[in-house]
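Source file: upload_27.tsv (TSV, C-alpha atoms)
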chain	number	residue	atom	x	y	z
A	1	MET	CA	26.56	-101.81	63.18
A	2	ARG	CA	30.01	-100.24	62.70
A	3	GLY	CA	29.15	-99.03	59.17
A	4	LYS	CA	25.94	-97.40	60.38
A	5	MET	CA	27.83	-95.49	63.11
A	6	LEU	CA	30.42	-94.28	60.58
A	7	LEU	CA	27.65	-93.12	58.24
A	8	ILE	CA	25.96	-91.14	61.05
A	9	ARG	CA	29.26	-89.47	61.97
A	10	LEU	CA	29.97	-88.52	58.36
A	11	ALA	CA	26.47	-87.09	57.96
A	12	ALA	CA	26.89	-85.03	61.15
A	13	LEU	CA	30.25	-83.76	59.93
A	14	ALA	CA	28.75	-82.80	56.54
A	15	VAL	CA	25.95	-80.86	58.27
A	16	CYS	CA	28.48	-78.97	60.44
A	17	VAL	CA	30.60	-78.09	57.39
A	18	ALA	CA	27.50	-76.91	55.50
A	19	VAL	CA	26.36	-74.71	58.40
A	20	ALA	CA	29.88	-73.26	58.80
A	21	ALA	CA	30.13	-72.46	55.09
A	22	THR	CA	26.70	-70.82	55.08
A	23	MET	CA	27.50	-68.71	58.15
A	24	MET	CA	30.80	-67.68	56.63
A	25	VAL	CA	29.02	-66.24	53.61
A	26	ILE	CA	25.81	-64.77	55.06
A	27	GLY	CA	26.72	-64.34	58.70
A	28	ARG	CA	29.62	-61.90	58.34
A	29	GLY	CA	28.87	-58.65	60.15
A	30	HIS	CA	30.12	-55.27	58.97
A	31	THR	CA	30.04	-51.80	60.43
A	32	LEU	CA	29.58	-49.22	57.71
A	33	TYR	CA	30.43	-45.55	58.12
A	34	PHE	CA	28.99	-42.98	55.70
A	35	ASP	CA	31.00	-39.82	55.10
A	36	ASN	CA	29.48	-36.69	53.63
A	37	LYS	CA	32.82	-34.97	53.17
A	38	THR	CA	34.32	-33.07	50.26
A	39	ILE	CA	37.07	-34.87	48.35
A	40	GLU	CA	39.58	-32.31	47.25
A	41	ASP	CA	41.84	-32.70	44.27
A	42	TYR	CA	41.01	-36.23	43.14
A	43	GLN	CA	42.64	-36.30	39.70
A	44	GLY	CA	42.41	-32.52	39.56
A	45	GLN	CA	38.74	-32.28	40.52
A	46	GLU	CA	36.83	-31.49	43.69
A	47	TYR	CA	33.75	-33.48	44.72
A	48	ARG	CA	31.75	-31.37	47.15
A	49	ALA	CA	29.80	-32.65	50.13
A	50	PHE	CA	26.02	-32.54	49.91
A	51	GLU	CA	23.97	-30.08	51.96
A	52	ARG	CA	22.05	-32.96	53.57
A	53	VAL	CA	21.94	-36.74	53.13
A	54	VAL	CA	19.42	-38.99	54.87
A	55	VAL	CA	20.56	-42.64	54.91
A	56	THR	CA	17.92	-45.36	55.22
A	57	VAL	CA	18.81	-49.04	55.67
A	58	LYS	CA	16.13	-51.76	55.80
A	59	GLY	CA	13.42	-49.12	56.01
A	60	GLU	CA	14.98	-47.46	59.07
A	61	GLN	CA	16.66	-44.05	59.01
A	62	VAL	CA	20.19	-44.63	60.36
A	63	ALA	CA	21.81	-41.26	59.67
A	64	LYS	CA	20.99	-37.68	58.78
A	65	LEU	CA	24.22	-36.09	57.60
A	66	GLY	CA	25.13	-32.48	57.05
A	67	LYS	CA	28.41	-31.41	55.48
A	68	ARG	CA	31.53	-32.97	57.06
A	69	GLU	CA	29.48	-35.46	59.09
A	70	ARG	CA	29.67	-39.24	59.44
A	71	GLY	CA	26.91	-41.76	60.12
A	72	MET	CA	26.99	-45.47	60.88
A	73	ALA	CA	25.03	-48.68	60.33
A	74	THR	CA	25.62	-52.38	60.89
A	75	TRP	CA	24.96	-55.01	58.24
A	76	ILE	CA	25.14	-58.78	58.08
A	77	GLY	CA	26.04	-60.28	54.73
A	78	GLN	CA	27.96	-59.23	51.66
A	79	SER	CA	25.27	-57.39	49.63
A	80	PHE	CA	24.56	-54.03	51.25
A	81	LYS	CA	21.56	-51.95	50.21
A	82	MET	CA	20.61	-48.45	51.27
A	83	THR	CA	18.43	-45.56	50.18
A	84	LEU	CA	19.79	-42.02	50.13
A	85	GLU	CA	17.71	-38.85	50.15
A	86	ILE	CA	20.16	-36.25	48.88
A	87	THR	CA	19.82	-32.48	48.99
A	88	GLU	CA	22.67	-31.12	46.87
A	89	ASN	CA	22.42	-27.43	47.85
A	90	LYS	CA	20.40	-25.43	50.32
A	91	GLY	CA	16.87	-24.93	49.02
A	92	ASP	CA	17.05	-27.76	46.43
A	93	ASP	CA	14.46	-30.51	46.31
A	94	PRO	CA	15.87	-33.82	47.56
A	95	ARG	CA	16.44	-36.68	45.14
A	96	ILE	CA	16.31	-40.38	46.02
A	97	GLU	CA	19.13	-42.82	45.18
A	98	GLU	CA	18.99	-46.60	45.71
A	99	ILE	CA	22.48	-48.00	46.34
A	100	SER	CA	23.74	-51.61	46.33
A	101	ILE	CA	27.34	-52.38	47.25
A	102	GLN	CA	29.16	-55.70	47.44
A	103	LEU	CA	31.09	-55.66	50.71
A	104	PRO	CA	34.50	-57.31	51.03
A	105	TYR	CA	34.57	-60.31	53.32
A	106	GLY	CA	37.75	-59.52	55.22
A	107	VAL	CA	36.98	-55.92	56.29
A	108	ASP	CA	35.04	-55.16	59.48
A	109	GLY	CA	34.79	-51.37	59.43
A	110	ILE	CA	34.06	-49.85	56.03
A	111	VAL	CA	34.04	-46.11	55.30
A	112	ILE	CA	32.07	-45.00	52.24
A	113	ASN	CA	32.48	-41.44	51.00
A	114	LEU	CA	29.05	-40.69	49.56
A	115	PRO	CA	29.93	-37.76	47.24
A	116	ALA	CA	32.75	-39.79	45.65
A	117	TYR	CA	30.60	-42.93	45.33
A	118	LEU	CA	27.71	-41.07	43.73
A	119	ALA	CA	30.08	-39.30	41.34
A	120	GLY	CA	30.99	-42.73	39.95
A	121	LEU	CA	34.61	-42.62	41.04
A	122	PRO	CA	36.62	-45.85	41.33
A	123	GLU	CA	36.56	-47.82	44.57
A	124	ASP	CA	39.90	-46.47	45.81
A	125	ALA	CA	38.37	-42.96	45.93
A	126	TRP	CA	35.23	-43.76	47.95
A	127	PHE	CA	36.16	-46.91	49.93
A	128	SER	CA	38.49	-47.12	52.91
A	129	GLU	CA	38.87	-49.32	55.96
A	130	PHE	CA	37.99	-47.80	59.31
A	131	VAL	CA	40.92	-48.06	61.69
A	132	PRO	CA	40.12	-46.94	65.24
A	133	MET	CA	42.67	-44.76	66.98
A	134	VAL	CA	44.63	-46.61	69.63
A	135	GLU	CA	45.31	-44.65	72.76
A	136	GLU	CA	48.91	-44.80	73.82
A	137	GLU	CA	49.65	-46.17	77.26
A	138	PRO	CA	51.43	-43.70	79.48
A	139	GLY	CA	55.17	-44.07	79.66
A	140	GLU	CA	57.11	-44.17	82.91
A	141	GLU	CA	57.60	-40.41	82.91
A	142	ASP	CA	53.81	-39.93	82.69
A	143	LEU	CA	53.00	-42.10	85.68
A	144	PRO	CA	52.26	-40.34	88.96
A	145	GLY	CA	54.97	-40.47	91.60
A	146	GLU	CA	54.92	-42.99	94.35
A	147	GLY	CA	53.48	-41.97	97.67
A	148	ASP	CA	49.90	-41.24	98.58
A	149	GLU	CA	46.91	-41.53	96.26
A	150	PHE	CA	47.48	-38.02	94.87
A	151	GLY	CA	50.98	-38.82	93.66
A	152	LEU	CA	52.61	-36.63	96.29
A	153	GLU	CA	55.86	-37.81	97.78
A	154	ASP	CA	57.19	-37.29	101.27
A	155	ASP	CA	59.69	-34.64	100.15
A	156	MET	CA	59.21	-32.34	103.07
A	157	GLY	CA	59.63	-34.91	105.83
A	158	LEU	CA	56.28	-34.08	107.41
A	159	GLU	CA	55.69	-37.63	108.50
A	160	SER	CA	58.89	-37.69	110.55
A	161	ASP	CA	58.15	-34.26	112.14
A	162	LEU	CA	54.71	-35.42	113.22
A	163	GLY	CA	56.06	-38.64	114.69
A	164	ILE	CA	54.19	-40.83	112.23
In C-alpha cells, how does this file's structure come out?
Amino acid sequence: MRGKMLLIRLAALAVCVAVAATMMVIGRGHTLYFDNKTIEDYQGQEYRAFERVVVTVKGEQVAKLGKRERGMATWIGQSFKMTLEITENKGDDPRIEEISIQLPYGVDGIVINLPAYLAGLPEDAWFSEFVPMVEEEPGEEDLPGEGDEFGLEDDMGLESDLGI
C-alpha cells in the first residue's frame, strides 16, 4: 500500500517536471519589433532602409513598413519564421524573402533591423533588446503646491477676509 502511494506520487512529479520543461522550451513568448531603418557607418558602410517592407507572420500581415518605421509581432517559441515582401526602391518590383531566426530564450523584446539582417551582417549589427523608456517620477519641486485642487495656496489671505 505504501509503495503504491509512493509510486503514484513519483509519477505525478515526473509528469509535472515534463510539462514544465516542455513549456519552458515551447511556451516562451517574445515580442518582436522590425525596424526598416538605415544603418550608417557599420564598418565603413551604409545599409539603406528599403522603400517598403511588408512583414507576414503565420500567413497574417503584421506590418507594412516605410523608411524609418517599426512594426511588431508576438511569437511563442524559439524558432521564428516570417515572410518579407521587399521593395528596394520606388518603382521596383517587390521580392519575397523567407526568414527563420532562432530567438534567445532570455530576451522578451527583440528588435530586428531588417536591412542589416538581409545584408548578412553579424548578429550584433541587426539584433538588439527592446528596452522601454521609463518615465521619471516627479521630484518634490515638480509637485503642485499644497492648498486647493488647483495647487493654489492661500497667499493672499482671502479666506480670512471673507470670514471663512
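Distances here use all atoms listed in the file; by that measure, the residue among A:Asp124, A:Glu69, A:Glu85, A:Glu98 closest to Asp35 in chain A is A:Glu69.
Between CA of Gln78 in chain A and CA of Val57 in chain A the interatomic distance comes to 14.3 Å.
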Q.
Using Å and a single decimal, report how far CA of Tyr47 in chain A sits from CA of Leu121 in chain A.
A.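 Separation of CA of Leu121 in chain A and CA of Tyr47 in chain A: 9.9 Å.
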Q) With all atoms listed in the file as the atoms that count, which of A:Lys64, A:Arg52, A:His30, A:Arg9 lies nearest to Ile86 in chain A? A)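 Residue with the minimum atom-to-atom distance to Ile86 in chain A: A:Arg52.
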(Q) Can you tell me which residues surround Thr31 in chain A at a distance of at most 8 Å, considering all atoms listed in the file, apart from same-chain residues fewer than 6 positions away, and format the answer as a PyMOL selection string? (A) chain A and resi 72-75+108-110
Q) For Gly77 in chain A, which of A:Ala12, A:Val19, A:Leu7, A:Val107 is the closest residue, counting only C-alpha atoms? A)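 Looking only at the distances to Gly77 in chain A, the closest residue turns out to be A:Val107.
In this comparison, which uses only C-alpha atoms, the residue of A:Leu65, A:Val131, A:Ile26, A:Trp126 approaching Phe80 in chain A most closely is A:Ile26.
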Q: Would you mind telling me which residue in A:Lys90, A:Lys4, A:Lys81, A:Arg95 lies nearest to Glu51 in chain A when using only C-alpha atoms?
A: A:Lys90
Q.
Report, in Å with one decimal, the straight-line distance from CA of Glu123 in chain A to CA of Gly66 in chain A.
A.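 Between CA of Glu123 in chain A and CA of Gly66 in chain A the gap works out to 22.8 Å.
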Q) Which residues, protein or nucleic acid, reach to within 10 Å of (16.9, -42.9, 53.4) in the file's coordinates when using all atoms listed in the file, and can you give that as a PyMOL selection string? A) chain A and resi 53-64+82-86+96-98
Using the file's own x, y and z axes, what box holds all listed atoms of range 119-132 of chain A with 5 Å on each side, keeping edges along x, y and z, and what are its centre and edge lengths in Å to one decimal, as lines of an AutoDock Vina configuration file?
center_x = 35.5
center_y = -44.3
center_z = 52.6
size_x = 20.8
size_y = 20.0
size_z = 35.3
Q) Between A:Ala49, A:Ile112, A:Cys16, A:Ala119, which one has atoms that come closest to Lys37 in chain A, using only C-alpha atoms? A) A:Ala49
